[in-house]
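S.K.: PDB, C-alpha atoms, pLDDT in the B column, file run-v9.pdb:
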ATOM      1  CA  MET Y   1     127.277  92.224  71.772  1.00 57.00           C
ATOM      2  CA  ILE Y   2     125.921  92.058  75.316  1.00 58.00           C
ATOM      3  CA  SER Y   3     123.493  94.772  76.287  1.00 76.00           C
ATOM      4  CA  ASP Y   4     123.022  95.651  79.962  1.00 88.00           C
ATOM      5  CA  LEU Y   5     119.904  97.206  81.355  1.00 91.00           C
ATOM      6  CA  ARG Y   6     120.250  98.475  84.902  1.00 94.00           C
ATOM      7  CA  GLY Y   7     117.965 100.589  87.064  1.00 95.00           C
ATOM      8  CA  GLN Y   8     119.144 103.991  88.218  1.00 95.00           C
ATOM      9  CA  LEU Y   9     118.855 105.444  91.701  1.00 96.00           C
ATOM     10  CA  CYS Y  10     116.794 108.494  90.880  1.00 96.00           C
ATOM     11  CA  VAL Y  11     113.229 109.663  91.242  1.00 98.00           C
ATOM     12  CA  LYS Y  12     111.774 111.190  88.106  1.00 96.00           C
ATOM     13  CA  PRO Y  13     109.241 114.050  88.311  1.00 96.00           C
ATOM     14  CA  GLN Y  14     106.302 111.879  87.182  1.00 96.00           C
ATOM     15  CA  GLN Y  15     106.955 109.131  89.724  1.00 98.00           C
ATOM     16  CA  HIS Y  16     105.103 108.577  92.994  1.00 98.00           C
ATOM     17  CA  TYR Y  17     106.175 106.146  95.704  1.00 98.00           C
ATOM     18  CA  VAL Y  18     104.186 104.797  98.622  1.00 98.00           C
ATOM     19  CA  ILE Y  19     105.574 103.453 101.862  1.00 98.00           C
ATOM     20  CA  ILE Y  20     103.372 101.064 103.825  1.00 98.00           C
ATOM     21  CA  ALA Y  21     104.663 100.657 107.362  1.00 98.00           C
ATOM     22  CA  ALA Y  22     103.434  98.571 110.274  1.00 98.00           C
ATOM     23  CA  GLU Y  23     102.668 100.359 113.537  1.00 98.00           C
ATOM     24  CA  PHE Y  24     103.511  97.218 115.523  1.00 97.00           C
ATOM     25  CA  ASN Y  25     107.131  97.444 116.680  1.00 96.00           C
ATOM     26  CA  GLY Y  26     106.852 101.148 115.884  1.00 97.00           C
ATOM     27  CA  LEU Y  27     110.196 102.055 117.404  1.00 96.00           C
ATOM     28  CA  ILE Y  28     111.804 100.020 114.641  1.00 97.00           C
ATOM     29  CA  THR Y  29     109.360 100.581 111.788  1.00 98.00           C
ATOM     30  CA  SER Y  30     109.386 104.359 112.217  1.00 98.00           C
ATOM     31  CA  ARG Y  31     113.167 104.251 111.713  1.00 97.00           C
ATOM     32  CA  LEU Y  32     112.664 102.109 108.596  1.00 98.00           C
ATOM     33  CA  ALA Y  33     110.082 104.534 107.200  1.00 98.00           C
ATOM     34  CA  ASP Y  34     112.323 107.523 107.913  1.00 97.00           C
ATOM     35  CA  GLY Y  35     115.201 105.749 106.154  1.00 97.00           C
ATOM     36  CA  ALA Y  36     113.031 105.060 103.106  1.00 98.00           C
ATOM     37  CA  VAL Y  37     111.879 108.680 102.913  1.00 98.00           C
ATOM     38  CA  GLU Y  38     115.454 109.916 103.279  1.00 98.00           C
ATOM     39  CA  ALA Y  39     116.641 107.662 100.442  1.00 98.00           C
ATOM     40  CA  LEU Y  40     113.871 108.829  98.119  1.00 98.00           C
ATOM     41  CA  VAL Y  41     114.486 112.513  98.917  1.00 98.00           C
ATOM     42  CA  ARG Y  42     118.253 112.151  98.495  1.00 98.00           C
ATOM     43  CA  HIS Y  43     117.631 110.727  95.051  1.00 98.00           C
ATOM     44  CA  GLY Y  44     115.330 113.495  93.838  1.00 98.00           C
ATOM     45  CA  ALA Y  45     111.864 113.011  95.335  1.00 98.00           C
ATOM     46  CA  ASN Y  46     109.884 115.841  96.836  1.00 97.00           C
ATOM     47  CA  GLU Y  47     107.231 115.443  99.534  1.00 92.00           C
ATOM     48  CA  LYS Y  48     104.404 115.341  96.985  1.00 97.00           C
ATOM     49  CA  GLN Y  49     105.937 112.246  95.405  1.00 98.00           C
ATOM     50  CA  ILE Y  50     105.952 110.212  98.623  1.00 98.00           C
ATOM     51  CA  SER Y  51     102.942 108.847 100.496  1.00 98.00           C
ATOM     52  CA  ARG Y  52     103.112 107.000 103.820  1.00 98.00           C
ATOM     53  CA  ILE Y  53     100.414 104.665 105.028  1.00 98.00           C
ATOM     54  CA  TRP Y  54     100.501 103.100 108.487  1.00 98.00           C
ATOM     55  CA  VAL Y  55      98.766  99.782 109.136  1.00 98.00           C
ATOM     56  CA  PRO Y  56      98.358  97.936 112.461  1.00 98.00           C
ATOM     57  CA  GLY Y  57     100.936  95.218 111.797  1.00 97.00           C
ATOM     58  CA  SER Y  58     103.008  93.480 109.147  1.00 97.00           C
ATOM     59  CA  PHE Y  59     100.219  90.984 108.461  1.00 97.00           C
ATOM     60  CA  GLU Y  60      98.035  93.792 107.086  1.00 98.00           C
ATOM     61  CA  ILE Y  61     100.643  95.132 104.670  1.00 98.00           C
ATOM     62  CA  PRO Y  62      99.933  92.806 101.694  1.00 98.00           C
ATOM     63  CA  THR Y  63      96.218  93.709 101.626  1.00 98.00           C
ATOM     64  CA  VAL Y  64      96.926  97.429 101.432  1.00 98.00           C
ATOM     65  CA  ALA Y  65      99.822  96.939  99.023  1.00 98.00           C
ATOM     66  CA  MET Y  66      97.658  94.934  96.607  1.00 98.00           C
ATOM     67  CA  ARG Y  67      94.951  97.587  96.628  1.00 98.00           C
ATOM     68  CA  LEU Y  68      97.483 100.346  95.958  1.00 98.00           C
ATOM     69  CA  ALA Y  69      99.199  98.344  93.217  1.00 98.00           C
ATOM     70  CA  ARG Y  70      95.871  97.816  91.466  1.00 98.00           C
ATOM     71  CA  SER Y  71      95.253 101.592  91.531  1.00 98.00           C
ATOM     72  CA  GLU Y  72      98.146 102.017  89.065  1.00 94.00           C
ATOM     73  CA  LYS Y  73      99.043 105.351  90.732  1.00 97.00           C
ATOM     74  CA  PHE Y  74     102.425 104.357  92.132  1.00 98.00           C
ATOM     75  CA  SER Y  75     105.800 103.703  90.550  1.00 98.00           C
ATOM     76  CA  ALA Y  76     106.660 101.316  93.383  1.00 98.00           C
ATOM     77  CA  ILE Y  77     105.368 100.210  96.763  1.00 98.00           C
ATOM     78  CA  ILE Y  78     107.741  99.903  99.715  1.00 99.00           C
ATOM     79  CA  CYS Y  79     106.542  97.493 102.422  1.00 98.00           C
ATOM     80  CA  LEU Y  80     108.137  97.986 105.845  1.00 98.00           C
ATOM     81  CA  GLY Y  81     107.548  95.995 108.996  1.00 98.00           C
ATOM     82  CA  CYS Y  82     109.250  94.151 111.807  1.00 98.00           C
ATOM     83  CA  ILE Y  83     108.456  90.663 113.019  1.00 97.00           C
ATOM     84  CA  ILE Y  84     110.389  89.542 116.089  1.00 96.00           C
ATOM     85  CA  ARG Y  85     110.512  85.886 117.090  1.00 93.00           C
ATOM     86  CA  GLY Y  86     108.742  85.095 120.333  1.00 81.00           C
ATOM     87  CA  GLN Y  87     108.261  81.903 122.233  1.00 78.00           C
ATOM     88  CA  THR Y  88     105.430  80.602 120.054  1.00 79.00           C
ATOM     89  CA  ALA Y  89     104.973  79.623 116.408  1.00 81.00           C
ATOM     90  CA  HIS Y  90     103.181  82.946 115.741  1.00 86.00           C
ATOM     91  CA  PHE Y  91     106.380  84.412 114.254  1.00 90.00           C
ATOM     92  CA  ASP Y  92     106.629  81.650 111.641  1.00 90.00           C
ATOM     93  CA  HIS Y  93     102.992  81.962 110.570  1.00 93.00           C
ATOM     94  CA  VAL Y  94     103.056  85.745 110.274  1.00 95.00           C
ATOM     95  CA  ALA Y  95     106.447  85.916 108.537  1.00 95.00           C
ATOM     96  CA  GLN Y  96     105.444  83.260 105.980  1.00 96.00           C
ATOM     97  CA  GLN Y  97     102.106  84.879 105.144  1.00 97.00           C
ATOM     98  CA  VAL Y  98     103.560  88.377 104.880  1.00 98.00           C
ATOM     99  CA  ALA Y  99     106.410  87.227 102.641  1.00 98.00           C
ATOM    100  CA  SER Y 100     104.066  85.243 100.381  1.00 98.00           C
ATOM    101  CA  GLY Y 101     101.553  88.066 100.204  1.00 98.00           C
ATOM    102  CA  ILE Y 102     104.071  90.729  99.284  1.00 98.00           C
ATOM    103  CA  ALA Y 103     105.889  88.441  96.830  1.00 98.00           C
ATOM    104  CA  ALA Y 104     102.689  87.822  94.869  1.00 98.00           C
ATOM    105  CA  ILE Y 105     101.810  91.480  94.273  1.00 98.00           C
ATOM    106  CA  GLY Y 106     104.534  92.557  91.833  1.00 98.00           C
ATOM    107  CA  PRO Y 107     104.072  89.666  89.402  1.00 98.00           C
ATOM    108  CA  ALA Y 108     100.274  89.977  89.589  1.00 98.00           C
ATOM    109  CA  THR Y 109     100.133  93.731  88.976  1.00 98.00           C
ATOM    110  CA  GLY Y 110     103.392  94.744  87.341  1.00 97.00           C
ATOM    111  CA  VAL Y 111     104.058  97.258  90.126  1.00 98.00           C
ATOM    112  CA  PRO Y 112     107.338  96.747  91.983  1.00 98.00           C
ATOM    113  CA  THR Y 113     106.388  95.806  95.532  1.00 98.00           C
ATOM    114  CA  ILE Y 114     109.451  95.749  97.726  1.00 98.00           C
ATOM    115  CA  PHE Y 115     109.890  93.496 100.753  1.00 98.00           C
ATOM    116  CA  GLY Y 116     111.360  95.589 103.563  1.00 98.00           C
ATOM    117  CA  ILE Y 117     110.161  93.431 106.425  1.00 98.00           C
ATOM    118  CA  ILE Y 118     112.721  92.716 109.111  1.00 97.00           C
ATOM    119  CA  THR Y 119     112.464  89.249 110.610  1.00 96.00           C
ATOM    120  CA  ALA Y 120     114.681  88.987 113.663  1.00 96.00           C
ATOM    121  CA  ASP Y 121     115.189  86.835 116.713  1.00 95.00           C
ATOM    122  CA  THR Y 122     115.629  89.814 119.055  1.00 94.00           C
ATOM    123  CA  VAL Y 123     114.823  93.500 119.330  1.00 95.00           C
ATOM    124  CA  GLU Y 124     118.560  94.202 119.257  1.00 95.00           C
ATOM    125  CA  GLN Y 125     118.927  92.444 115.888  1.00 95.00           C
ATOM    126  CA  ALA Y 126     115.982  94.397 114.511  1.00 96.00           C
ATOM    127  CA  MET Y 127     117.384  97.718 115.744  1.00 96.00           C
ATOM    128  CA  ASP Y 128     120.722  96.924 114.140  1.00 95.00           C
ATOM    129  CA  ARG Y 129     118.936  96.505 110.784  1.00 94.00           C
ATOM    130  CA  ALA Y 130     116.941  99.698 111.349  1.00 95.00           C
ATOM    131  CA  GLY Y 131     120.025 101.860 111.270  1.00 88.00           C
ATOM    132  CA  LEU Y 132     122.157 101.132 114.313  1.00 77.00           C
ATOM    133  CA  LYS Y 133     124.853  98.775 113.011  1.00 81.00           C
ATOM    134  CA  MET Y 134     123.885  97.197 109.713  1.00 79.00           C
ATOM    135  CA  GLY Y 135     122.486 100.069 107.694  1.00 90.00           C
ATOM    136  CA  ASN Y 136     118.804 100.847 107.415  1.00 97.00           C
ATOM    137  CA  ALA Y 137     116.614  98.233 105.725  1.00 97.00           C
ATOM    138  CA  GLY Y 138     114.096 100.978 104.882  1.00 98.00           C
ATOM    139  CA  TRP Y 139     116.759 102.880 102.955  1.00 98.00           C
ATOM    140  CA  SER Y 140     117.727  99.673 101.111  1.00 98.00           C
ATOM    141  CA  ALA Y 141     114.093  98.930 100.261  1.00 98.00           C
ATOM    142  CA  ALA Y 142     113.611 102.435  98.850  1.00 98.00           C
ATOM    143  CA  CYS Y 143     116.729 102.027  96.702  1.00 98.00           C
ATOM    144  CA  ALA Y 144     115.382  98.721  95.373  1.00 98.00           C
ATOM    145  CA  ALA Y 145     112.067 100.454  94.619  1.00 98.00           C
ATOM    146  CA  MET Y 146     113.775 103.217  92.627  1.00 98.00           C
ATOM    147  CA  GLU Y 147     115.872 100.736  90.662  1.00 98.00           C
ATOM    148  CA  MET Y 148     112.905  98.502  89.865  1.00 98.00           C
ATOM    149  CA  ALA Y 149     110.722 101.434  88.814  1.00 98.00           C
ATOM    150  CA  ASP Y 150     113.492 102.550  86.462  1.00 97.00           C
ATOM    151  CA  VAL Y 151     114.065  99.045  85.072  1.00 97.00           C
ATOM    152  CA  LEU Y 152     110.361  98.717  84.275  1.00 96.00           C
ATOM    153  CA  ASN Y 153     110.338 102.167  82.636  1.00 95.00           C
ATOM    154  CA  GLN Y 154     113.297 101.160  80.483  1.00 94.00           C
ATOM    155  CA  LEU Y 155     111.600  97.880  79.535  1.00 94.00           C
ATOM    156  CA  SER Y 156     108.460  99.785  78.519  1.00 92.00           C
ATOM    157  CA  ALA Y 157     110.539 102.105  76.348  1.00 89.00           C
ATOM    158  CA  LEU Y 158     112.212  99.122  74.667  1.00 86.00           C
ATOM    159  CA  GLN Y 159     108.906  97.412  74.035  1.00 86.00           C
ATOM    160  CA  ASN Y 160     107.409 100.585  72.545  1.00 86.00           C
ATOM    161  CA  SER Y 161     110.309 101.255  70.190  1.00 77.00           C
TER
END
Would you encode the structure as structure tokens?
M.R.:
Amino acid sequence: MISDLRGQLCVKPQQHYVIIAAEFNGLITSRLADGAVEALVRHGANEKQISRIWVPGSFEIPTVAMRLARSEKFSAIICLGCIIRGQTAHFDHVAQQVASGIAAIGPATGVPTIFGIITADTVEQAMDRAGLKMGNAGWSAACAAMEMADVLNQLSALQNS
């Protein structure tokens, strides 16, 4: 018999989520953060269960996320930023470091740390992914956070039974 374990889109009363958002490209990242909050609230969170932390840019997100993950106070961490390609290699360096930094946190700490960083060639592409045409990447990141928090809770219950 095959047994499926799947995370649910719901926020339980004991859960607390944190959104870390970059101030750089704030027109876009504020829309991402609002989308993440809306998703969490729609799925049962109240304002006391959601914290928002603003950092200067996407590059700073992994440092704050690691510190918060190590605190063991959060069910999941939602990382939101926007890196837009320019005419130099800066985009490539920042995007690579941010992706690597965020990717390392979940496995190192056991806290789901969700990558909600938009990497785009143009402002228009980024805006499309922040709610204009292609959904809101912040909303999607919050949904992934809820599912992962629930999957890990279910795994803990299985291991303790």
S.K.: Name the residues within 7 Å of (109.9, 97.5, 98.0), counting only C-alpha atoms in the file's coordinates, and put them as a list of chain:residue names.
M.R.: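 Selection result: Y:Ala76, Y:Ile77, Y:Ile78, Y:Cys79, Y:Pro112, Y:Thr113, Y:Ile114, Y:Phe115, Y:Gly116, Y:Ala141, Y:Ala142, Y:Ala144, Y:Ala145.
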S.K.: Run the PyMOL selection byres ((chain Y and resi 95) around 9) on the file and write out the hits as number ranges by chain.
M.R.: Y: 58-59, 83, 90-94, 96-100, 117, 119
S.K.: With distances taken over all atoms listed in the file, which of Y:Ile19, Y:Ile50, Y:Val123, Y:Leu9 is nearest to Y:Cys82?
M.R.: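 Between Y:Ile19, Y:Ile50, Y:Val123, Y:Leu9, the residue approaching Y:Cys82 most closely is Y:Val123.
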S.K.: Residues at most 9 Å from stretch 152-158 of chain Y, counting all atoms listed in the file, excluding those fewer than 3 positions away in the same chain, as a ChimeraX atom specification?
M.R.: /Y:5-7,110-112,147-149,161
S.K.: Which residues of stretch 66-154 of chain Y have any atom within 6 Å of an atom in stretch 20-42 of chain Y when counting only C-alpha atoms, and what is the closest pair of atoms for each, with the distance in Å to one decimal? Order the rows by chain and rising number and write it as CSV.
M.R.:
residue,atom,partner,partner_atom,distance
Y:Cys79,CA,Y:Ile20,CA,5.0
Y:Leu80,CA,Y:Ala21,CA,4.6
Y:Gly81,CA,Y:Ala22,CA,5.0
Y:Ala130,CA,Y:Leu32,CA,5.6
Y:Gly138,CA,Y:Leu32,CA,4.1
Y:Trp139,CA,Y:Ala36,CA,4.3
Y:Ala142,CA,Y:Ala36,CA,5.0
S.K.: Put a box with edges along x, y and z around all the listed atoms of stretch 132-140 of chain Y, pad it by 8 Å on each side, then give me its centre and sizes in Å, one decimal, as JSON.
M.R.:
{"center_x": 119.5, "center_y": 100.0, "center_z": 107.7, "size_x": 26.8, "size_y": 21.7, "size_z": 29.2}
S.K.: Have a look at atom CA of Y:Ala126 and atom CA of Y:Ala69 and let me know their distance in Å, one decimal.
M.R.: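 For atom CA of Y:Ala126 relative to atom CA of Y:Ala69, the distance reads 27.4 Å.
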S.K.: Measuring between all atoms listed in the file, which one of Y:Ile53, Y:Ala120, Y:Ala103, Y:Ile84 shows the shortest distance to Y:Val18?
M.R.: Y:Ile53
S.K.: Of the candidates Y:Pro107, Y:His43, Y:Ser71, Y:Gln49, which shows the shortest atom-to-atom distance to Y:Pro13, using only C-alpha atoms?
M.R.: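 Smallest distance to Y:Pro13 is found for Y:Gln49.
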S.K.: Would you work out the distance separating atom CA of Y:Asp121 from atom CA of Y:Met134, expressed in Å to one decimal?
M.R.: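 Going from atom CA of Y:Asp121 over to atom CA of Y:Met134, I get 15.2 Å.
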S.K.: Hey, which of Y:Ala45, Y:Arg85, Y:Ala104, Y:Thr109 ends up closest to Y:Arg70? Count only C-alpha atoms.
M.R.: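 Looking at the shortest contact to Y:Arg70, the residue is Y:Thr109.
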S.K.: Expressed in Å to a single decimal, how great is the separation between atom CA of Y:Met146 and atom CA of Y:Ser75?
M.R.: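 Distance reported for this atom pair: 8.3 Å.
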